[in-house]
Amino acid sequence: MQRPTAGAERESKQPSKLKTELLEAEAQLRKLAYLNTTIQTDHQFYTDQDMISDYYLVVVYDKKNKTPLLSSRHYFNHQVIGKMLRGDETAIGSTSINLSEFEPDEIFFCDRLSANVNHAYYQRYRRYIFLQYYAEIHNQNRSRMYILMARSEQPEKLLTKYLRLGLVITGSVLHNGIKHWVLLGNVEKNYQYITSSVAFGLGLRLKKMFHVIK
């Protein structure tokens, strides 16, 4: 994805009618996904105009209806990642991640995870949709490390999910007024864990039902 400019719409580096439609639909999905959360958001949360460099958007969608089912963005710019790791400027938080230890293309930050939870396909095939999502992340970033943030909400279901995938907690920060765990993962190792499950084989059988935009 190209870095958005002030007042401009998000634009794919390889534009097409389908990608334009999916970008518009993804923005609506993101708004819907965060509608009932306690996270404070502004227009940049949905337009990505907080990006100061190019970034990547992964969207798993229903081929037939061109409906996004799951999406997230990720980026490598250390300045933007550092801002995320600092969290709210008035809050106290810490993480053991030192970006200076990584080359610019060795680590990325993944956020804005949005799921179409009310869609019939998502409700029925949620595990397989996530498998397609993880497969695309792996295909593009095999040897890299990545950072995630997990909202701290009892009973910590989201944190538990990420820990089961093999990510490790490196600290916590306040972000948009909410405590977030900061986690570090290894794309290759985490993907090996995912693909070792029986569910992965079943997920591949459903691959024709979904597609990914990148």
# chains A, B, ... in the order shown; residues from 1 in each chain; ligands from 1

$ select_by_dssp --residues "region 68-201 of chain A" --states "strand (DSSP E)" --output "PyMOL selection string"
chain A and resi 68-75+94-95+107-115+145-151+168-175+178-186

$ residues_around --residues "Asn98 (chain A)" --least-positions-apart "4" --cutoff "10 Å" --atoms "only C-alpha atoms" --output "count of residues only"
3

$ closest_atom_pairs --of "region 36-70 of chain A" --to "region 133-143 of chain A" --cutoff "12 Å" --atoms "only C-alpha atoms" --output "CSV"
residue,atom,partner,partner_atom,distance
A:Tyr56,CA,A:Ile137,CA,10.1
A:Leu57,CA,A:Ile137,CA,10.1
A:Val58,CA,A:Tyr133,CA,7.4
A:Val59,CA,A:Tyr133,CA,7.6
A:Val60,CA,A:Tyr133,CA,6.4
A:Tyr61,CA,A:Tyr133,CA,10.0
A:Pro68,CA,A:Tyr133,CA,11.8
A:Leu69,CA,A:Tyr133,CA,10.1
A:Leu70,CA,A:Tyr133,CA,7.7

$ write_last_selection --atoms "N, CA, C and O atoms" --output "mmCIF file, in the first residue's frame"
data_model
loop_
_atom_site.group_PDB
_atom_site.id
_atom_site.type_symbol
_atom_site.label_atom_id
_atom_site.label_comp_id
_atom_site.auth_asym_id
_atom_site.auth_seq_id
_atom_site.Cartn_x
_atom_site.Cartn_y
_atom_site.Cartn_z
ATOM 1 N N TYR A 56 1.551 -2.438 4.398
ATOM 2 C CA TYR A 56 0.921 -3.603 3.790
ATOM 3 C C TYR A 56 -0.454 -3.835 4.420
ATOM 4 O O TYR A 56 -0.627 -3.680 5.626
ATOM 5 N N LEU A 57 -1.399 -4.193 3.577
ATOM 6 C CA LEU A 57 -2.746 -4.504 4.052
ATOM 7 C C LEU A 57 -3.098 -5.901 3.555
ATOM 8 O O LEU A 57 -3.019 -6.194 2.361
ATOM 9 N N VAL A 58 -3.461 -6.788 4.486
ATOM 10 C CA VAL A 58 -3.870 -8.146 4.136
ATOM 11 C C VAL A 58 -5.361 -8.275 4.391
ATOM 12 O O VAL A 58 -5.835 -7.971 5.489
ATOM 13 N N VAL A 59 -6.088 -8.699 3.366
ATOM 14 C CA VAL A 59 -7.540 -8.868 3.490
ATOM 15 C C VAL A 59 -7.937 -10.248 2.987
ATOM 16 O O VAL A 59 -7.694 -10.589 1.838
ATOM 17 N N VAL A 60 -8.524 -11.041 3.856
ATOM 18 C CA VAL A 60 -9.116 -12.319 3.439
ATOM 19 C C VAL A 60 -10.582 -12.025 3.137
ATOM 20 O O VAL A 60 -11.282 -11.443 3.966
ATOM 21 N N TYR A 61 -11.034 -12.411 1.940
ATOM 22 C CA TYR A 61 -12.392 -12.048 1.561
ATOM 23 C C TYR A 61 -13.122 -13.191 0.857
ATOM 24 O O TYR A 61 -12.503 -14.128 0.344
ATOM 25 N N PRO A 68 -14.998 -8.516 2.612
ATOM 26 C CA PRO A 68 -13.888 -8.776 3.543
ATOM 27 C C PRO A 68 -14.361 -9.549 4.772
ATOM 28 O O PRO A 68 -15.418 -9.257 5.331
ATOM 29 N N LEU A 69 -13.575 -10.531 5.177
ATOM 30 C CA LEU A 69 -13.892 -11.340 6.345
ATOM 31 C C LEU A 69 -12.889 -11.116 7.478
ATOM 32 O O LEU A 69 -13.238 -11.268 8.645
ATOM 33 N N LEU A 70 -11.664 -10.756 7.106
ATOM 34 C CA LEU A 70 -10.621 -10.522 8.100
ATOM 35 C C LEU A 70 -9.540 -9.645 7.466
ATOM 36 O O LEU A 70 -9.191 -9.851 6.297
#

$ residues_around --residues "Gln49 (chain A)" --least-positions-apart "2" --cutoff "8 Å" --atoms "only C-alpha atoms" --output "PDB file with C-alpha atoms, in the first residue's frame"
ATOM      1  CA  ARG A   3       1.454   5.991   2.047  1.00  0.00           C
ATOM      2  CA  PRO A   4      -1.792   8.024   2.108  1.00  0.00           C
ATOM      3  CA  THR A   5      -1.514  11.777   1.664  1.00  0.00           C
ATOM      4  CA  ALA A   6      -3.664  14.314   3.464  1.00  0.00           C
ATOM      5  CA  GLN A  44      -6.851   8.284  10.810  1.00  0.00           C
ATOM      6  CA  PHE A  45      -7.679   4.966  12.442  1.00  0.00           C
ATOM      7  CA  THR A  47      -7.862   5.999   6.625  1.00  0.00           C
ATOM      8  CA  MET A  51       1.371   6.171   8.043  1.00  0.00           C
ATOM      9  CA  ILE A  52       4.528   8.084   7.067  1.00  0.00           C
TER      10      ILE A  52
END

$ closest_residue --among "A:Gly93, A:Gln14, A:Leu113, A:Phe108" --to "Val80 (chain A)" --atoms "only C-alpha atoms"
A:Phe108

$ residues_around --residues "Val182 (chain A)" --least-positions-apart "6" --cutoff "12 Å" --atoms "only C-alpha atoms" --output "ChimeraX atom specification"
/A:81,84-87,93-97,109-111,146-152,158-159,162-163,167-175

$ closest_residue --among "A:Ser53, A:Gln79, A:Arg73, A:Gln132" --to "Ala27 (chain A)" --atoms "only C-alpha atoms"
A:Arg73

$ closest_residue --among "A:Phe130, A:Gly166, A:Lys63, A:Asn176" --to "Thr41 (chain A)" --atoms "only C-alpha atoms"
A:Asn176

$ closest_residue --among "A:His43, A:Arg30, A:His78, A:Lys66" --to "Lys17 (chain A)" --atoms "only C-alpha atoms"
A:Lys66

$ atom_distance --atom1 "CA of Tyr122 (chain A)" --atom2 "CA of Asp62 (chain A)"
9.6 Å

$ atom_distance --atom1 "CA of Leu32 (chain A)" --atom2 "CA of Asn65 (chain A)"
17.9 Å

$ select_by_dssp --residues "region 30-212 of chain A" --states "alpha helix (DSSP H)" --output "JSON, numbers by chain"
{"A": [30, 31, 32, 33, 44, 45, 46, 47, 78, 79, 80, 81, 82, 83, 84, 85, 86, 120, 121, 122, 123, 124, 125, 126, 127, 128, 129, 130, 131, 132, 133, 134, 135, 136, 137, 138, 139, 140, 157, 158, 159, 160, 161, 162, 163, 164, 187, 188, 189, 190, 191, 192, 193, 194, 195, 198, 199, 200, 201, 202, 203, 204, 205]}

$ residues_around --residues "Ala33 (chain A)" --least-positions-apart "2" --cutoff "8 Å" --atoms "only C-alpha atoms" --output "PyMOL selection string"
chain A and resi 29-31+35-36+114-117

$ write_last_selection --atoms "C-alpha atoms" --output "PDB file, in the first residue's frame"
ATOM      1  CA  LEU A  29     -15.215  -3.500   8.126  1.00  0.00           C
ATOM      2  CA  ARG A  30     -12.657  -1.762  10.346  1.00  0.00           C
ATOM      3  CA  LYS A  31     -15.261   0.751  11.537  1.00  0.00           C
ATOM      4  CA  LEU A  35     -17.616   0.170  16.824  1.00  0.00           C
ATOM      5  CA  ASN A  36     -18.341  -1.316  20.238  1.00  0.00           C
ATOM      6  CA  SER A 114     -10.583  -6.498  12.034  1.00  0.00           C
ATOM      7  CA  ALA A 115     -12.979  -9.426  11.746  1.00  0.00           C
ATOM      8  CA  ASN A 116     -16.389  -9.590  10.088  1.00  0.00           C
ATOM      9  CA  VAL A 117     -17.836 -11.431  13.079  1.00  0.00           C
TER      10      VAL A 117
END

$ atom_distance --atom1 "CA of Asp88 (chain A)" --atom2 "CA of Gly177 (chain A)"
7.1 Å

$ closest_residue --among "A:Glu11, A:Glu89, A:Glu153, A:Asp105" --to "Asp48 (chain A)" --atoms "only C-alpha atoms"
A:Glu11

$ closest_residue --among "A:Arg112, A:Glu156, A:Glu21, A:Ile107" --to "Ser72 (chain A)" --atoms "only C-alpha atoms"
A:Arg112

$ decode --residues "region 29-76 of chain A" --atoms "C-alpha atoms" --output "PDB file, in the first residue's frame"
ATOM      1  CA  LEU A  29     -15.215  -3.500   8.126  1.00  0.00           C
ATOM      2  CA  ARG A  30     -12.657  -1.762  10.346  1.00  0.00           C
ATOM      3  CA  LYS A  31     -15.261   0.751  11.537  1.00  0.00           C
ATOM      4  CA  LEU A  32     -17.721  -2.042  12.258  1.00  0.00           C
ATOM      5  CA  ALA A  33     -15.123  -4.171  14.061  1.00  0.00           C
ATOM      6  CA  TYR A  34     -14.149  -1.353  16.443  1.00  0.00           C
ATOM      7  CA  LEU A  35     -17.616   0.170  16.824  1.00  0.00           C
ATOM      8  CA  ASN A  36     -18.341  -1.316  20.238  1.00  0.00           C
ATOM      9  CA  THR A  37     -14.835  -1.293  21.718  1.00  0.00           C
ATOM     10  CA  THR A  38     -13.604   1.148  24.350  1.00  0.00           C
ATOM     11  CA  ILE A  39     -10.693   2.218  22.133  1.00  0.00           C
ATOM     12  CA  GLN A  40     -10.713   5.922  21.303  1.00  0.00           C
ATOM     13  CA  THR A  41     -10.354   6.352  17.539  1.00  0.00           C
ATOM     14  CA  ASP A  42     -10.263   9.199  15.028  1.00  0.00           C
ATOM     15  CA  HIS A  43     -10.501   9.354  11.236  1.00  0.00           C
ATOM     16  CA  GLN A  44      -6.851   8.284  10.810  1.00  0.00           C
ATOM     17  CA  PHE A  45      -7.679   4.966  12.442  1.00  0.00           C
ATOM     18  CA  TYR A  46      -9.722   4.084   9.347  1.00  0.00           C
ATOM     19  CA  THR A  47      -7.862   5.999   6.625  1.00  0.00           C
ATOM     20  CA  ASP A  48      -4.290   5.013   7.636  1.00  0.00           C
ATOM     21  CA  GLN A  49      -3.166   8.622   7.242  1.00  0.00           C
ATOM     22  CA  ASP A  50      -0.983   8.120  10.316  1.00  0.00           C
ATOM     23  CA  MET A  51       1.371   6.171   8.043  1.00  0.00           C
ATOM     24  CA  ILE A  52       4.528   8.084   7.067  1.00  0.00           C
ATOM     25  CA  SER A  53       5.778   5.353   4.723  1.00  0.00           C
ATOM     26  CA  ASP A  54       4.388   2.532   2.597  1.00  0.00           C
ATOM     27  CA  TYR A  55       2.634  -0.280   4.431  1.00  0.00           C
ATOM     28  CA  TYR A  56       0.921  -3.603   3.790  1.00  0.00           C
ATOM     29  CA  LEU A  57      -2.746  -4.504   4.052  1.00  0.00           C
ATOM     30  CA  VAL A  58      -3.870  -8.146   4.136  1.00  0.00           C
ATOM     31  CA  VAL A  59      -7.540  -8.868   3.490  1.00  0.00           C
ATOM     32  CA  VAL A  60      -9.116 -12.319   3.439  1.00  0.00           C
ATOM     33  CA  TYR A  61     -12.392 -12.048   1.561  1.00  0.00           C
ATOM     34  CA  ASP A  62     -15.294 -14.052   0.193  1.00  0.00           C
ATOM     35  CA  LYS A  63     -14.578 -14.556  -3.520  1.00  0.00           C
ATOM     36  CA  LYS A  64     -18.223 -14.703  -4.531  1.00  0.00           C
ATOM     37  CA  ASN A  65     -19.467 -11.538  -2.864  1.00  0.00           C
ATOM     38  CA  LYS A  66     -16.133  -9.663  -2.579  1.00  0.00           C
ATOM     39  CA  THR A  67     -16.831  -9.212   1.132  1.00  0.00           C
ATOM     40  CA  PRO A  68     -13.888  -8.776   3.543  1.00  0.00           C
ATOM     41  CA  LEU A  69     -13.892 -11.340   6.345  1.00  0.00           C
ATOM     42  CA  LEU A  70     -10.621 -10.522   8.100  1.00  0.00           C
ATOM     43  CA  SER A  71      -8.001  -7.821   7.661  1.00  0.00           C
ATOM     44  CA  SER A  72      -4.991  -6.177   9.246  1.00  0.00           C
ATOM     45  CA  ARG A  73      -2.156  -3.881   8.267  1.00  0.00           C
ATOM     46  CA  HIS A  74       1.569  -4.186   8.964  1.00  0.00           C
ATOM     47  CA  TYR A  75       4.557  -1.943   8.492  1.00  0.00           C
ATOM     48  CA  PHE A  76       8.328  -1.841   8.955  1.00  0.00           C
TER      49      PHE A  76
END
